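Notes for the one structure printed next.
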Amino acid sequence: MIKKITFIDLFAGLGGIRLGFQNAFKKLGYTSECVFSSEIKDYAIKAYQGYYGKEKVSGDITKILSSDIPNFDFLLAGFPCQPFSTAGKGLGFNDTRGTLFFEIERILQDKIDKGCPAKGFLLENVEGLLNHDNGRTLTVMINHLNNLGYKTTYQMLDSQYFGVAQSRKRVYIVGTLDNFIELNNFPVKISVLKDILDTNLPTIKSEFTKQLFSHYSPSDIIGKSIKDKRGGDNNIHSWDIELKGKTSLKERKLLNAMLKERRKKKWAEEIGIKWMDGMPLTEKQIKTFFNDKDLNHMLKDLVEKGYLKYEHPKKFIDNHRVYDTSKERGYNIVAGKLSFEFSKILNPNEIAPTLVATDVSKMGVIDGNGLRRLTIREAQRLCGYPENYDLSIVRETEAFDLLGNTVCIPVIEAISSRIGLSIKGNCDENNIKTVI
């Protein structure tokens, strides 16, 4: 007799939680069946059905009655992360997407009320959930799940210790009716980027790469970030490669000095605004740390070329920054890493940073003597997706968006194995469906 586990897949995305869950249970001798899935993005559904087959994928979970969802053993959900993410606004339950956690609670509660409780759940969210609202948001969630009768545990885990060459820290919440599932002391498996990279692929020949390689060799830029927001040896700036026009050595020294000074809290106090990460400084203020006879000319030249902007400081109004025209104008760096063709050149001997939907397509790889973008296939490998998962059926921007929001499958599989071993030793045969 082969045990069979049923589950539902909410906020399914690419179905990564499902894939890791099914892999684990298969290795434990179970068959598994997804009896219901839900996702609202059309291109996510297209990719999901491309891999899992043309099974029905329901839409907005808030519009679906619990009675329309078949009974199930486990609920899987990577519920929307933006309300708790540092990359988003961090509004939590004040964001309508934050309330989608309560849809999970609703479904679990309704199944309990009808006498067919789920055996458990596996939830995933961003690291920011841990400290959102000083930890109160997560406490509310755990209390609600415990009140349903589940023994709930949570842990922040980093994918880089589970055999994928990406650091992706996520919070995992697990509960079952019978046991607390330990979410620590997993075996450590390490991988680096070169383990998943392809070679001899076409490289990009653009004005940006032309400027880059006119100042640096391919080996010089490995591991470098390309942005105008931070200083340091690991950053290449637009003025370093003269992307917006020629710059003198003295101008580059000025810009590098301003990068550091504009972040100091003393300037916020002097200007009379709440501190922000990068404030405009007047010529008088700049002279205190870069006193040069050509300063005025350099500032105007750098504004004209687009390296600096001449602007008013900003103040907070209704949780937003707006220009304060009552304050004197100053000079500020024109920041914004997403304005460059590449934002990071990956080091093949290290791991990749967290793939984020907004900039995963700007990750660069040295291939031979050229530079290319990280491919969709390589990004899939960084999340543990199998080679036969085909994302070419959606547009490239859509594929990168989905990968930037997905889970790392080996982490899900490791957690699911713990769940499977727990129920294997505690559930009697009559409570688990069987097939011959």
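Quick note on naming: the chains in the structure tokens go A, B, ... in the order shown, residues restart at 1 in each chain, and ligands are numbered from 1 in order of appearance.
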Report as an MDAnalysis selection string all protein, DNA and RNA residues lying within 6 Å of range 172-188 of chain A, evaluated on only C-alpha atoms, omitting residues in the same chain fewer than 3 positions from it. chainID A and resid 119:124 150:155 161
Return as a count of residues only the full set of residues in range 228-353 of chain A whose backbone-based DSSP assignment is alpha helix (DSSP H). 36
Who sits within 7 Å of range 332-348 of chain A, only C-alpha atoms, same chain under 2 positions skipped, as an MDAnalysis selection string: chainID A and resid 192:194 208 221:229 279:281 307:310 330 350 352 359 362:365
For the residues in that selection, give me N, CA, C and O atoms as a short mmCIF file (atom, residue, chain, number, x, y, z; two decimals), in the first residue's frame.
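See again_35.cif below for the written result:
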```
data_model
loop_
_atom_site.label_atom_id
_atom_site.label_comp_id
_atom_site.auth_asym_id
_atom_site.auth_seq_id
_atom_site.Cartn_x
_atom_site.Cartn_y
_atom_site.Cartn_z
N VAL A 192 28.87 27.02 -5.45
CA VAL A 192 29.26 28.35 -5.90
C VAL A 192 28.74 28.57 -7.31
O VAL A 192 28.31 27.64 -7.99
N LEU A 193 28.80 29.82 -7.74
CA LEU A 193 28.17 30.21 -8.98
C LEU A 193 28.67 29.44 -10.20
O LEU A 193 27.89 29.08 -11.09
N LYS A 194 29.98 29.17 -10.25
CA LYS A 194 30.52 28.51 -11.43
C LYS A 194 29.94 27.10 -11.62
O LYS A 194 30.01 26.54 -12.72
N PHE A 208 27.45 50.92 -23.31
CA PHE A 208 27.80 50.75 -21.90
C PHE A 208 29.01 49.81 -21.73
O PHE A 208 29.97 50.15 -21.04
N ILE A 221 36.61 43.64 -13.29
CA ILE A 221 35.26 43.99 -12.86
C ILE A 221 34.52 42.84 -12.19
O ILE A 221 33.38 43.00 -11.75
N ILE A 222 35.13 41.67 -12.09
CA ILE A 222 34.48 40.53 -11.44
C ILE A 222 34.20 40.87 -9.98
O ILE A 222 35.07 41.31 -9.24
N GLY A 223 32.97 40.68 -9.57
CA GLY A 223 32.57 40.94 -8.19
C GLY A 223 32.22 42.38 -7.90
O GLY A 223 31.85 42.72 -6.77
N LYS A 224 32.29 43.25 -8.90
CA LYS A 224 32.03 44.67 -8.68
C LYS A 224 30.54 45.00 -8.84
O LYS A 224 29.84 44.41 -9.67
N SER A 225 30.09 45.98 -8.06
CA SER A 225 28.77 46.57 -8.25
C SER A 225 28.93 47.81 -9.11
O SER A 225 29.96 48.49 -9.05
N ILE A 226 27.93 48.10 -9.91
CA ILE A 226 27.97 49.28 -10.77
C ILE A 226 26.80 50.17 -10.38
O ILE A 226 25.64 49.91 -10.74
N LYS A 227 27.09 51.18 -9.57
CA LYS A 227 26.05 52.07 -9.07
C LYS A 227 26.66 53.35 -8.55
O LYS A 227 27.85 53.38 -8.20
N ASP A 228 25.87 54.39 -8.49
CA ASP A 228 26.34 55.70 -8.05
C ASP A 228 25.84 56.06 -6.66
O ASP A 228 25.81 57.24 -6.30
N LYS A 229 25.46 55.07 -5.88
CA LYS A 229 24.89 55.36 -4.55
C LYS A 229 25.88 55.15 -3.43
O LYS A 229 25.77 55.73 -2.37
N MET A 279 21.99 63.40 0.99
CA MET A 279 21.37 64.72 1.00
C MET A 279 22.15 65.70 0.13
O MET A 279 23.37 65.59 0.00
N PRO A 280 21.46 66.67 -0.48
CA PRO A 280 22.17 67.68 -1.26
C PRO A 280 22.97 68.61 -0.35
O PRO A 280 22.50 69.02 0.71
N LEU A 281 24.19 68.92 -0.75
CA LEU A 281 25.07 69.78 0.03
C LEU A 281 25.37 71.05 -0.74
O LEU A 281 25.61 71.02 -1.96
N TYR A 307 26.11 64.08 -13.78
CA TYR A 307 26.62 63.31 -12.65
C TYR A 307 26.06 63.85 -11.33
O TYR A 307 25.89 63.11 -10.37
N LEU A 308 25.79 65.14 -11.29
CA LEU A 308 25.20 65.78 -10.12
C LEU A 308 23.88 66.44 -10.50
O LEU A 308 23.63 66.74 -11.67
N LYS A 309 23.04 66.66 -9.50
CA LYS A 309 21.84 67.46 -9.70
C LYS A 309 21.82 68.56 -8.64
O LYS A 309 22.35 68.38 -7.54
N TYR A 310 21.24 69.68 -9.00
CA TYR A 310 21.15 70.84 -8.11
C TYR A 310 19.71 70.92 -7.63
O TYR A 310 18.81 71.21 -8.41
N GLY A 330 21.20 72.44 -3.01
CA GLY A 330 22.55 71.92 -2.91
C GLY A 330 22.82 70.93 -4.03
O GLY A 330 21.96 70.66 -4.88
N GLU A 350 32.08 32.68 -5.99
CA GLU A 350 31.28 33.02 -4.83
C GLU A 350 29.82 32.67 -5.10
O GLU A 350 29.50 32.02 -6.10
N ALA A 352 25.74 34.01 -5.53
CA ALA A 352 25.03 35.19 -6.03
C ALA A 352 24.28 35.85 -4.88
O ALA A 352 23.88 35.19 -3.92
N ASP A 359 15.81 43.63 -10.26
CA ASP A 359 17.13 43.78 -10.88
C ASP A 359 17.84 42.48 -11.22
O ASP A 359 19.02 42.50 -11.58
N LYS A 362 19.66 42.41 -14.41
CA LYS A 362 20.83 43.25 -14.55
C LYS A 362 22.07 42.63 -13.90
O LYS A 362 23.07 43.31 -13.70
N MET A 363 21.98 41.33 -13.57
CA MET A 363 23.14 40.60 -13.07
C MET A 363 24.03 40.22 -14.24
O MET A 363 23.57 39.60 -15.21
N GLY A 364 25.31 40.57 -14.17
CA GLY A 364 26.22 40.31 -15.28
C GLY A 364 27.19 39.17 -14.99
O GLY A 364 27.53 38.89 -13.84
N VAL A 365 27.63 38.51 -16.04
CA VAL A 365 28.57 37.39 -15.95
C VAL A 365 29.66 37.59 -17.00
O VAL A 365 29.36 37.87 -18.17
#
```
Excluding Arg329 in chain A and its own-chain neighbours fewer than 4 positions away, which residues fall within 7 Å of it when counting only C-alpha atoms? Please give them as an mmCIF file with all heavy atoms, in the first residue's frame.
```
data_model
loop_
_atom_site.group_PDB
_atom_site.id
_atom_site.type_symbol
_atom_site.label_atom_id
_atom_site.label_comp_id
_atom_site.auth_asym_id
_atom_site.auth_seq_id
_atom_site.Cartn_x
_atom_site.Cartn_y
_atom_site.Cartn_z
ATOM 1 N N THR A 282 25.372 72.183 -0.040
ATOM 2 C CA THR A 282 25.661 73.450 -0.688
ATOM 3 C C THR A 282 27.158 73.539 -1.005
ATOM 4 O O THR A 282 27.979 72.788 -0.460
ATOM 5 C CB THR A 282 25.274 74.631 0.219
ATOM 6 O OG1 THR A 282 26.107 74.606 1.386
ATOM 7 C CG2 THR A 282 23.818 74.550 0.629
ATOM 8 N N TYR A 310 21.236 69.685 -9.004
ATOM 9 C CA TYR A 310 21.152 70.840 -8.112
ATOM 10 C C TYR A 310 19.714 70.921 -7.634
ATOM 11 O O TYR A 310 18.811 71.211 -8.414
ATOM 12 C CB TYR A 310 21.559 72.097 -8.881
ATOM 13 C CG TYR A 310 21.716 73.338 -8.043
ATOM 14 C CD1 TYR A 310 22.561 73.360 -6.935
ATOM 15 C CD2 TYR A 310 21.032 74.508 -8.371
ATOM 16 C CE1 TYR A 310 22.722 74.504 -6.175
ATOM 17 C CE2 TYR A 310 21.188 75.667 -7.622
ATOM 18 C CZ TYR A 310 22.023 75.659 -6.517
ATOM 19 O OH TYR A 310 22.168 76.792 -5.757
ATOM 20 N N GLU A 311 19.491 70.614 -6.373
ATOM 21 C CA GLU A 311 18.124 70.425 -5.899
ATOM 22 C C GLU A 311 17.949 70.884 -4.455
ATOM 23 O O GLU A 311 18.913 71.042 -3.703
ATOM 24 C CB GLU A 311 17.744 68.945 -5.995
ATOM 25 C CG GLU A 311 18.604 68.051 -5.119
ATOM 26 C CD GLU A 311 18.234 66.575 -5.211
ATOM 27 O OE1 GLU A 311 17.380 66.223 -6.027
ATOM 28 O OE2 GLU A 311 18.830 65.786 -4.440
ATOM 29 N N HIS A 312 16.677 71.049 -4.065
ATOM 30 C CA HIS A 312 16.338 71.344 -2.685
ATOM 31 C C HIS A 312 16.431 70.059 -1.854
ATOM 32 O O HIS A 312 16.242 68.952 -2.395
ATOM 33 C CB HIS A 312 14.910 71.887 -2.582
ATOM 34 C CG HIS A 312 14.731 73.240 -3.186
ATOM 35 N ND1 HIS A 312 15.185 74.389 -2.580
ATOM 36 C CD2 HIS A 312 14.135 73.630 -4.345
ATOM 37 C CE1 HIS A 312 14.885 75.434 -3.339
ATOM 38 N NE2 HIS A 312 14.247 75.003 -4.415
ATOM 39 N N PRO A 313 16.704 70.181 -0.562
ATOM 40 C CA PRO A 313 16.605 68.997 0.305
ATOM 41 C C PRO A 313 15.156 68.516 0.354
ATOM 42 O O PRO A 313 14.231 69.236 -0.056
ATOM 43 C CB PRO A 313 17.056 69.522 1.675
ATOM 44 C CG PRO A 313 17.733 70.828 1.408
ATOM 45 C CD PRO A 313 17.100 71.380 0.176
#
```
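Near range 238-243 of chain A, within 7 Å and counting only C-alpha atoms, sit Gln211, Leu212, His215, Asp228 and Arg252 of chain A; same-chain residues fewer than 6 positions away were not included.
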I'd like the neighbourhood of Ser38 in chain A as a PDB file with all heavy atoms, in the first residue's frame, where a residue qualifies if any of its atoms comes within 8 Å (using only C-alpha atoms), though same-chain residues fewer than 5 positions away should be ignored.
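Result written to part_25.pdb:
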```pdb
ATOM      1  N   ASP A   9      -2.096  24.505  -3.208  1.00  0.00           N
ATOM      2  CA  ASP A   9      -0.950  25.354  -3.531  1.00  0.00           C
ATOM      3  C   ASP A   9      -1.464  26.783  -3.745  1.00  0.00           C
ATOM      4  O   ASP A   9      -1.971  27.109  -4.813  1.00  0.00           O
ATOM      5  CB  ASP A   9      -0.274  24.806  -4.793  1.00  0.00           C
ATOM      6  CG  ASP A   9       1.082  25.426  -5.055  1.00  0.00           C
ATOM      7  OD1 ASP A   9       1.614  26.098  -4.159  1.00  0.00           O
ATOM      8  OD2 ASP A   9       1.617  25.215  -6.169  1.00  0.00           O
ATOM      9  N   LEU A  10      -1.345  27.632  -2.710  1.00  0.00           N
ATOM     10  CA  LEU A  10      -1.870  28.997  -2.789  1.00  0.00           C
ATOM     11  C   LEU A  10      -0.767  29.998  -3.129  1.00  0.00           C
ATOM     12  O   LEU A  10       0.387  29.798  -2.758  1.00  0.00           O
ATOM     13  CB  LEU A  10      -2.514  29.385  -1.460  1.00  0.00           C
ATOM     14  CG  LEU A  10      -3.574  28.428  -0.899  1.00  0.00           C
ATOM     15  CD1 LEU A  10      -4.166  28.991   0.400  1.00  0.00           C
ATOM     16  CD2 LEU A  10      -4.671  28.163  -1.920  1.00  0.00           C
ATOM     17  N   PHE A  11      -1.150  31.090  -3.826  1.00  0.00           N
ATOM     18  CA  PHE A  11      -0.172  32.084  -4.284  1.00  0.00           C
ATOM     19  C   PHE A  11       0.972  31.324  -4.965  1.00  0.00           C
ATOM     20  O   PHE A  11       2.150  31.507  -4.666  1.00  0.00           O
ATOM     21  CB  PHE A  11       0.350  32.918  -3.103  1.00  0.00           C
ATOM     22  CG  PHE A  11      -0.741  33.317  -2.135  1.00  0.00           C
ATOM     23  CD1 PHE A  11      -0.834  32.713  -0.889  1.00  0.00           C
ATOM     24  CD2 PHE A  11      -1.690  34.266  -2.479  1.00  0.00           C
ATOM     25  CE1 PHE A  11      -1.839  33.054   0.002  1.00  0.00           C
ATOM     26  CE2 PHE A  11      -2.703  34.621  -1.586  1.00  0.00           C
ATOM     27  CZ  PHE A  11      -2.773  34.004  -0.342  1.00  0.00           C
ATOM     28  N   ALA A  12       0.612  30.489  -5.894  1.00  0.00           N
ATOM     29  CA  ALA A  12       1.484  29.410  -6.376  1.00  0.00           C
ATOM     30  C   ALA A  12       2.729  29.880  -7.106  1.00  0.00           C
ATOM     31  O   ALA A  12       3.765  29.218  -7.058  1.00  0.00           O
ATOM     32  CB  ALA A  12       0.676  28.468  -7.273  1.00  0.00           C
ATOM     33  N   VAL A  57      -6.052  26.233 -12.610  1.00  0.00           N
ATOM     34  CA  VAL A  57      -5.466  27.118 -11.602  1.00  0.00           C
ATOM     35  C   VAL A  57      -6.475  28.222 -11.338  1.00  0.00           C
ATOM     36  O   VAL A  57      -6.808  28.998 -12.240  1.00  0.00           O
ATOM     37  CB  VAL A  57      -4.129  27.721 -12.082  1.00  0.00           C
ATOM     38  CG1 VAL A  57      -3.580  28.671 -11.020  1.00  0.00           C
ATOM     39  CG2 VAL A  57      -3.125  26.625 -12.397  1.00  0.00           C
ATOM     40  N   SER A  58      -6.999  28.256 -10.130  1.00  0.00           N
ATOM     41  CA  SER A  58      -7.988  29.270  -9.781  1.00  0.00           C
ATOM     42  C   SER A  58      -7.313  30.620  -9.579  1.00  0.00           C
ATOM     43  O   SER A  58      -6.096  30.697  -9.374  1.00  0.00           O
ATOM     44  CB  SER A  58      -8.729  28.865  -8.504  1.00  0.00           C
ATOM     45  OG  SER A  58      -9.427  27.653  -8.705  1.00  0.00           O
ATOM     46  N   GLY A  59      -8.107  31.684  -9.606  1.00  0.00           N
ATOM     47  CA  GLY A  59      -7.566  33.035  -9.505  1.00  0.00           C
ATOM     48  C   GLY A  59      -7.549  33.574  -8.094  1.00  0.00           C
ATOM     49  O   GLY A  59      -7.072  32.920  -7.165  1.00  0.00           O
ATOM     50  N   ASP A  60      -8.081  34.769  -7.929  1.00  0.00           N
ATOM     51  CA  ASP A  60      -8.053  35.506  -6.665  1.00  0.00           C
ATOM     52  C   ASP A  60      -8.633  34.681  -5.523  1.00  0.00           C
ATOM     53  O   ASP A  60      -9.817  34.375  -5.498  1.00  0.00           O
ATOM     54  CB  ASP A  60      -8.841  36.800  -6.841  1.00  0.00           C
ATOM     55  CG  ASP A  60      -8.711  37.745  -5.656  1.00  0.00           C
ATOM     56  OD1 ASP A  60      -8.210  37.318  -4.599  1.00  0.00           O
ATOM     57  OD2 ASP A  60      -9.117  38.906  -5.794  1.00  0.00           O
ATOM     58  N   ILE A  61      -7.787  34.350  -4.545  1.00  0.00           N
ATOM     59  CA  ILE A  61      -8.224  33.493  -3.445  1.00  0.00           C
ATOM     60  C   ILE A  61      -9.283  34.163  -2.579  1.00  0.00           C
ATOM     61  O   ILE A  61     -10.086  33.485  -1.930  1.00  0.00           O
ATOM     62  CB  ILE A  61      -7.008  33.067  -2.583  1.00  0.00           C
ATOM     63  CG1 ILE A  61      -7.379  31.904  -1.652  1.00  0.00           C
ATOM     64  CG2 ILE A  61      -6.463  34.239  -1.795  1.00  0.00           C
ATOM     65  CD1 ILE A  61      -7.749  30.633  -2.361  1.00  0.00           C
TER      66      ILE A  61
END
```
Residues within 10 Å of range 368-370 of chain A, please, as a tab-separated table (two decimals) with all heavy atoms, in the first residue's frame. Count only C-alpha atoms; anything in the same chain fewer than 6 positions from it doesn't count.
```
chain	number	residue	atom	x	y	z
A	199	THR	N	28.88	28.45	-20.48
A	199	THR	CA	30.01	29.18	-21.07
A	199	THR	C	29.83	29.33	-22.57
A	199	THR	O	29.00	28.65	-23.18
A	199	THR	CB	31.35	28.47	-20.79
A	199	THR	OG1	31.28	27.12	-21.29
A	199	THR	CG2	31.66	28.44	-19.31
A	200	ASN	N	30.60	30.24	-23.13
A	200	ASN	CA	30.61	30.49	-24.57
A	200	ASN	C	29.25	30.92	-25.12
A	200	ASN	O	28.86	30.55	-26.22
A	200	ASN	CB	31.11	29.25	-25.33
A	200	ASN	CG	32.53	28.86	-24.95
A	200	ASN	OD1	33.39	29.73	-24.81
A	200	ASN	ND2	32.76	27.57	-24.76
A	201	LEU	N	28.56	31.72	-24.33
A	201	LEU	CA	27.29	32.29	-24.78
A	201	LEU	C	27.55	33.67	-25.38
A	201	LEU	O	28.58	34.29	-25.11
A	201	LEU	CB	26.31	32.39	-23.61
A	201	LEU	CG	25.86	31.07	-22.97
A	201	LEU	CD1	24.89	31.33	-21.83
A	201	LEU	CD2	25.25	30.12	-23.99
A	202	PRO	N	26.62	34.17	-26.19
A	202	PRO	CA	26.82	35.50	-26.79
A	202	PRO	C	26.94	36.58	-25.71
A	202	PRO	O	26.22	36.55	-24.70
A	202	PRO	CB	25.54	35.69	-27.62
A	202	PRO	CG	25.05	34.31	-27.89
A	202	PRO	CD	25.40	33.50	-26.69
A	203	THR	N	27.87	37.49	-25.90
A	203	THR	CA	28.06	38.60	-24.96
A	203	THR	C	27.46	39.88	-25.55
A	203	THR	O	27.13	39.93	-26.74
A	203	THR	CB	29.54	38.81	-24.64
A	203	THR	OG1	30.27	38.98	-25.86
A	203	THR	CG2	30.10	37.59	-23.90
A	204	ILE	N	27.32	40.89	-24.69
A	204	ILE	CA	26.66	42.13	-25.09
A	204	ILE	C	27.68	43.16	-25.54
A	204	ILE	O	28.64	43.45	-24.82
A	204	ILE	CB	25.80	42.68	-23.92
A	204	ILE	CG1	24.63	41.73	-23.67
A	204	ILE	CG2	25.32	44.09	-24.22
A	204	ILE	CD1	23.78	42.11	-22.49
A	205	LYS	N	27.45	43.70	-26.71
A	205	LYS	CA	28.31	44.76	-27.24
A	205	LYS	C	27.45	46.00	-27.37
A	205	LYS	O	26.70	46.17	-28.34
A	205	LYS	CB	28.91	44.34	-28.57
A	205	LYS	CG	29.88	43.16	-28.46
A	205	LYS	CD	30.38	42.69	-29.81
A	205	LYS	CE	31.43	41.59	-29.67
A	205	LYS	NZ	30.93	40.42	-28.93
A	209	THR	N	28.95	48.64	-22.36
A	209	THR	CA	30.07	47.69	-22.22
A	209	THR	C	31.33	48.22	-22.90
A	209	THR	O	32.45	47.95	-22.45
A	209	THR	CB	29.70	46.31	-22.80
A	209	THR	OG1	29.35	46.43	-24.18
A	209	THR	CG2	28.53	45.69	-22.03
A	213	PHE	N	34.72	48.49	-20.75
A	213	PHE	CA	35.96	47.80	-21.10
A	213	PHE	C	37.05	48.73	-21.62
A	213	PHE	O	38.20	48.31	-21.78
A	213	PHE	CB	35.68	46.68	-22.11
A	213	PHE	CG	34.96	45.50	-21.51
A	213	PHE	CD1	33.80	45.00	-22.07
A	213	PHE	CD2	35.45	44.90	-20.36
A	213	PHE	CE1	33.14	43.92	-21.52
A	213	PHE	CE2	34.81	43.82	-19.79
A	213	PHE	CZ	33.64	43.32	-20.37
A	217	SER	N	39.61	45.86	-17.49
A	217	SER	CA	39.68	44.55	-18.16
A	217	SER	C	38.57	43.67	-17.59
A	217	SER	O	38.04	43.95	-16.50
A	217	SER	CB	41.03	43.89	-17.90
A	217	SER	OG	41.14	43.51	-16.52
A	218	PRO	N	38.17	42.60	-18.28
A	218	PRO	CA	37.13	41.71	-17.75
A	218	PRO	C	37.44	41.20	-16.34
A	218	PRO	O	36.55	41.16	-15.49
A	218	PRO	CB	37.11	40.57	-18.77
A	218	PRO	CG	37.52	41.22	-20.06
A	218	PRO	CD	38.56	42.22	-19.66
A	219	SER	N	38.69	40.86	-16.09
A	219	SER	CA	39.03	40.33	-14.76
A	219	SER	C	38.93	41.40	-13.67
A	219	SER	O	38.69	41.09	-12.50
A	219	SER	CB	40.43	39.73	-14.77
A	219	SER	OG	41.40	40.71	-15.10
```
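Minimum atom-to-atom distance to Phe79 in chain A, evaluated using only C-alpha atoms, belongs to A:Asn405 out of A:Asn405, A:Tyr389, A:Val356, A:Gly278.
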In range 300-366 of chain A, DSSP strand (DSSP E) residues written as a PDB file with N, CA and C atoms, in the first residue's frame:
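Full text of result-v9.pdb as output:
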```pdb
ATOM      1  N   LEU A 308      25.790  65.144 -11.293  1.00  0.00           N
ATOM      2  CA  LEU A 308      25.201  65.784 -10.122  1.00  0.00           C
ATOM      3  C   LEU A 308      23.881  66.441 -10.496  1.00  0.00           C
ATOM      4  N   LYS A 309      23.040  66.658  -9.504  1.00  0.00           N
ATOM      5  CA  LYS A 309      21.835  67.461  -9.699  1.00  0.00           C
ATOM      6  C   LYS A 309      21.816  68.556  -8.642  1.00  0.00           C
ATOM      7  N   TYR A 310      21.236  69.685  -9.004  1.00  0.00           N
ATOM      8  CA  TYR A 310      21.152  70.840  -8.112  1.00  0.00           C
ATOM      9  C   TYR A 310      19.714  70.921  -7.634  1.00  0.00           C
ATOM     10  N   GLU A 311      19.491  70.614  -6.373  1.00  0.00           N
ATOM     11  CA  GLU A 311      18.124  70.425  -5.899  1.00  0.00           C
ATOM     12  C   GLU A 311      17.949  70.884  -4.455  1.00  0.00           C
ATOM     13  N   LYS A 314      14.967  67.301   0.874  1.00  0.00           N
ATOM     14  CA  LYS A 314      13.619  66.744   0.962  1.00  0.00           C
ATOM     15  C   LYS A 314      13.186  66.592   2.413  1.00  0.00           C
ATOM     16  N   LYS A 315      11.887  66.738   2.637  1.00  0.00           N
ATOM     17  CA  LYS A 315      11.317  66.565   3.966  1.00  0.00           C
ATOM     18  C   LYS A 315      10.254  65.472   3.909  1.00  0.00           C
ATOM     19  N   PHE A 316       9.880  64.952   5.078  1.00  0.00           N
ATOM     20  CA  PHE A 316       8.862  63.919   5.165  1.00  0.00           C
ATOM     21  C   PHE A 316       7.486  64.556   5.276  1.00  0.00           C
ATOM     22  N   ILE A 317       6.580  64.139   4.407  1.00  0.00           N
ATOM     23  CA  ILE A 317       5.165  64.512   4.516  1.00  0.00           C
ATOM     24  C   ILE A 317       4.354  63.262   4.220  1.00  0.00           C
ATOM     25  N   HIS A 320       6.229  60.289   3.021  1.00  0.00           N
ATOM     26  CA  HIS A 320       6.884  60.407   1.715  1.00  0.00           C
ATOM     27  C   HIS A 320       7.862  61.575   1.749  1.00  0.00           C
ATOM     28  N   ARG A 321       8.909  61.472   0.929  1.00  0.00           N
ATOM     29  CA  ARG A 321       9.865  62.556   0.781  1.00  0.00           C
ATOM     30  C   ARG A 321       9.416  63.517  -0.309  1.00  0.00           C
ATOM     31  N   VAL A 322       9.363  64.804   0.017  1.00  0.00           N
ATOM     32  CA  VAL A 322       9.025  65.831  -0.976  1.00  0.00           C
ATOM     33  C   VAL A 322      10.036  66.970  -0.835  1.00  0.00           C
ATOM     34  N   TYR A 323      10.264  67.678  -1.918  1.00  0.00           N
ATOM     35  CA  TYR A 323      11.227  68.776  -1.881  1.00  0.00           C
ATOM     36  C   TYR A 323      10.755  69.878  -0.937  1.00  0.00           C
ATOM     37  N   GLY A 330      21.203  72.443  -3.010  1.00  0.00           N
ATOM     38  CA  GLY A 330      22.551  71.918  -2.909  1.00  0.00           C
ATOM     39  C   GLY A 330      22.821  70.928  -4.032  1.00  0.00           C
ATOM     40  N   TYR A 331      24.028  70.374  -4.029  1.00  0.00           N
ATOM     41  CA  TYR A 331      24.446  69.427  -5.063  1.00  0.00           C
ATOM     42  C   TYR A 331      24.355  68.000  -4.538  1.00  0.00           C
ATOM     43  N   ASN A 332      23.782  67.129  -5.344  1.00  0.00           N
ATOM     44  CA  ASN A 332      23.580  65.740  -4.934  1.00  0.00           C
ATOM     45  C   ASN A 332      23.955  64.794  -6.080  1.00  0.00           C
ATOM     46  N   ILE A 333      24.397  63.612  -5.706  1.00  0.00           N
ATOM     47  CA  ILE A 333      24.722  62.584  -6.693  1.00  0.00           C
ATOM     48  C   ILE A 333      23.443  62.120  -7.388  1.00  0.00           C
ATOM     49  N   LYS A 344      25.508  44.554 -11.211  1.00  0.00           N
ATOM     50  CA  LYS A 344      26.426  43.701 -10.454  1.00  0.00           C
ATOM     51  C   LYS A 344      27.072  42.705 -11.410  1.00  0.00           C
ATOM     52  N   ILE A 345      28.401  42.562 -11.302  1.00  0.00           N
ATOM     53  CA  ILE A 345      29.122  41.554 -12.076  1.00  0.00           C
ATOM     54  C   ILE A 345      29.441  40.416 -11.110  1.00  0.00           C
ATOM     55  N   MET A 363      21.984  41.332 -13.573  1.00  0.00           N
ATOM     56  CA  MET A 363      23.143  40.605 -13.067  1.00  0.00           C
ATOM     57  C   MET A 363      24.034  40.219 -14.244  1.00  0.00           C
ATOM     58  N   GLY A 364      25.314  40.573 -14.174  1.00  0.00           N
ATOM     59  CA  GLY A 364      26.223  40.308 -15.277  1.00  0.00           C
ATOM     60  C   GLY A 364      27.186  39.171 -14.991  1.00  0.00           C
ATOM     61  N   VAL A 365      27.631  38.506 -16.043  1.00  0.00           N
ATOM     62  CA  VAL A 365      28.568  37.387 -15.952  1.00  0.00           C
ATOM     63  C   VAL A 365      29.661  37.589 -17.002  1.00  0.00           C
ATOM     64  N   ILE A 366      30.931  37.466 -16.580  1.00  0.00           N
ATOM     65  CA  ILE A 366      32.033  37.478 -17.547  1.00  0.00           C
ATOM     66  C   ILE A 366      32.064  36.132 -18.249  1.00  0.00           C
TER      67      ILE A 366
END
```
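The spacing separating CA of Lys46 in chain A from CA of Glu396 in chain A amounts to 13.3 Å.
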